[in-house]
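Below is one structure, written out as structure tokens; comments come after it.
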Amino acid sequence: MTVWIIKPAEHHIPAISEICSKGWKQTVEGKLSAEYQEQNIAFWYDHKKIREDLEAGFYTHVAVVDSDVTGVIGGGMTGPDVAEVFVLYMDEDYRYQGIGRRLLEALTELQKEQGATEQWVSVQEDNQRGIPFYEARGFVYQGKKSETTITGEEQVSLRYLRKI
Ligand SMILES: CC(C)(COP(=O)(O)OP(=O)(O)OC[C@H]1O[C@@H](n2cnc3c(N)ncnc32)[C@H](O)[C@@H]1OP(=O)(O)O)[C@@H](O)C(=O)NCCC(=O)NCCS
């Protein structure tokens with residue numbers, strides 16, 4: 001299987017939307033209401049919003065196999081030497097084959113070029129599909145962050161950090 005890690009393009013938008021919507025939903029299932037899930041997906045993964053975020057450089061790489069997008073990563077700088085992973089999702093059929101690791105490596109190289117020496121990520125509390133991946137990549141738990149969603153629910157995320 002040949003996997004290409006490339007910059008996302010306009011024609012990747014429908015696949016980015018589908019992979020992120022499904023992946024994000026899995027991370028909050030049983031935690032947040034269906035109403036909030038729908039609202040959040042409609043906001044972030046609407047095709048127009050993804051197009052704007054692509055243009056703003058929010059999504060940095062996609063993983064492509066046989067011209068199909070199988071995963072996506074996005075991130076940015078939040079301080080002169082501080083970087084953040086904003087999104088990272090793999091299509092379920094392509095997980096645990098080392099592709100997520102390659103996406104994270106590509107984003108990390110880019111962020112190092114931009115001056116980053118540390119990289120942060122937020123993971124939904126109890127997300128066993130994401131936490132082991134980040135811990136295996138050297139991220140260390142720093143603390144919890146609690147927010148109230150627009151539907152009035154408490155959303156708890158865990159903050160992880162690694163030196164890069
Ligand atoms: C998290 C995710 C992007 C990782 O991508 P992936 O392609 O499946 O992961 P990889 O195959 O590259 O895994 C790389 C490493 O992490 C480990 N790992 C990944 N997921 C793991 C899990 N759930 N449990 C244990 N180890 C895991 C692998 O063993 C591997 O370790 P190694 O390189 O030391 O052998 C992907 O599994 C996913 O989309 N998960 C659901 C969505 C999610 O939780 N995203 C994160 C939101 S913040």
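Labeling convention for the structure tokens: chains A, B, ... as they appear, residues from 1 per chain, ligands from 1 in order of appearance.
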
For segment 142-155 of chain A, list every protein, DNA or RNA residue within 8 Å, evaluated using only C-alpha atoms, and leave out those in the same chain fewer than 2 positions away; present the list as a PDB file with N, CA and C atoms, in the first residue's frame.
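Written file, out-v8.pdb:
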ATOM      1  N   LEU A  32     -21.635  13.478  25.106  1.00  0.00           N
ATOM      2  CA  LEU A  32     -22.342  14.714  24.762  1.00  0.00           C
ATOM      3  C   LEU A  32     -23.576  14.384  23.932  1.00  0.00           C
ATOM      4  N   GLU A  35     -27.792  16.384  20.016  1.00  0.00           N
ATOM      5  CA  GLU A  35     -28.050  17.761  19.581  1.00  0.00           C
ATOM      6  C   GLU A  35     -26.729  18.527  19.442  1.00  0.00           C
ATOM      7  N   TYR A  36     -25.873  18.425  20.459  1.00  0.00           N
ATOM      8  CA  TYR A  36     -24.590  19.133  20.408  1.00  0.00           C
ATOM      9  C   TYR A  36     -23.702  18.562  19.294  1.00  0.00           C
ATOM     10  N   GLN A 124     -10.346  14.450  24.090  1.00  0.00           N
ATOM     11  CA  GLN A 124     -11.561  14.252  24.878  1.00  0.00           C
ATOM     12  C   GLN A 124     -11.282  13.266  26.022  1.00  0.00           C
ATOM     13  N   VAL A 140       2.761  14.016  27.199  1.00  0.00           N
ATOM     14  CA  VAL A 140       2.593  13.796  28.642  1.00  0.00           C
ATOM     15  C   VAL A 140       1.408  14.641  29.125  1.00  0.00           C
ATOM     16  N   SER A 157     -11.781  18.180  28.352  1.00  0.00           N
ATOM     17  CA  SER A 157     -10.695  17.675  27.524  1.00  0.00           C
ATOM     18  C   SER A 157      -9.422  17.608  28.345  1.00  0.00           C
ATOM     19  N   LEU A 158      -8.543  16.718  27.914  1.00  0.00           N
ATOM     20  CA  LEU A 158      -7.274  16.527  28.593  1.00  0.00           C
ATOM     21  C   LEU A 158      -6.198  17.188  27.751  1.00  0.00           C
ATOM     22  N   ARG A 159      -5.316  17.946  28.415  1.00  0.00           N
ATOM     23  CA  ARG A 159      -4.252  18.645  27.695  1.00  0.00           C
ATOM     24  C   ARG A 159      -2.966  17.819  27.789  1.00  0.00           C
ATOM     25  N   TYR A 160      -2.362  17.583  26.641  1.00  0.00           N
ATOM     26  CA  TYR A 160      -1.109  16.831  26.560  1.00  0.00           C
ATOM     27  C   TYR A 160      -0.046  17.687  25.877  1.00  0.00           C
ATOM     28  N   LEU A 161       1.193  17.469  26.296  1.00  0.00           N
ATOM     29  CA  LEU A 161       2.322  18.255  25.766  1.00  0.00           C
ATOM     30  C   LEU A 161       3.513  17.347  25.497  1.00  0.00           C
TER      31      LEU A 161
END

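Contact shell of Leu88 of chain A at 7 Å (only C-alpha atoms; same-chain neighbours under 6 positions omitted): Val72, Ile73 and Gly74 of chain A.
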
Just to be explicit: take each residue in the selection above, keep N, CA and C atoms, and write the result as a CSV table (one decimal), in the first residue's frame.
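Saved to part-v8.csv:
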chain,number,residue,atom,x,y,z
A,72,VAL,N,-6.6,12.9,8.0
A,72,VAL,CA,-6.3,14.3,7.9
A,72,VAL,C,-5.8,14.8,9.2
A,73,ILE,N,-4.9,15.8,9.1
A,73,ILE,CA,-4.3,16.5,10.3
A,73,ILE,C,-4.3,18.0,10.1
A,74,GLY,N,-4.5,18.7,11.2
A,74,GLY,CA,-4.4,20.2,11.1
A,74,GLY,C,-3.8,20.7,12.4

Just list the residues in segment 49-105 of chain A DSSP gives helix (DSSP H, G or I) on the backbone, as a compact mmCIF listing (two decimals) with C-alpha atoms, in the first residue's frame.
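That gives us out.txt:
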# COMPACT_ATOMS: atom_id res chain seq x y z
CA LYS A 49 -16.10 26.10 6.67
CA ILE A 50 -13.51 23.48 5.69
CA ARG A 51 -12.73 25.49 2.54
CA GLU A 52 -12.14 28.62 4.65
CA ASP A 53 -9.99 26.67 7.11
CA LEU A 54 -8.03 25.11 4.26
CA GLU A 55 -7.29 28.57 2.89
CA GLU A 92 -11.69 3.68 10.50
CA ASP A 93 -10.62 1.20 7.78
CA TYR A 94 -7.10 2.61 7.77
CA ILE A 99 -0.55 6.39 8.86
CA GLY A 100 -1.61 8.62 11.78
CA ARG A 101 2.01 8.56 12.96
CA ARG A 102 3.17 9.76 9.53
CA LEU A 103 0.58 12.56 9.51
CA LEU A 104 1.77 13.71 12.94
CA GLU A 105 5.41 13.56 11.80

Report task. Set the cut-off to 6 Å, count only C-alpha atoms and all ligand atoms, and list whatever residues fall near ligand 1 as an MDAnalysis selection string. Result -> chainID A and resid 23 27 88:90 95:101 123 128:130 132:133 136

Query raised in the report: From the set A:Ile164, A:Ile6, A:Met1, A:Val62, which residue has the shortest atom-to-atom contact distance to Asp91 of chain A, counting only C-alpha atoms?
Result: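 Nearest to Asp91 of chain A: A:Val62.
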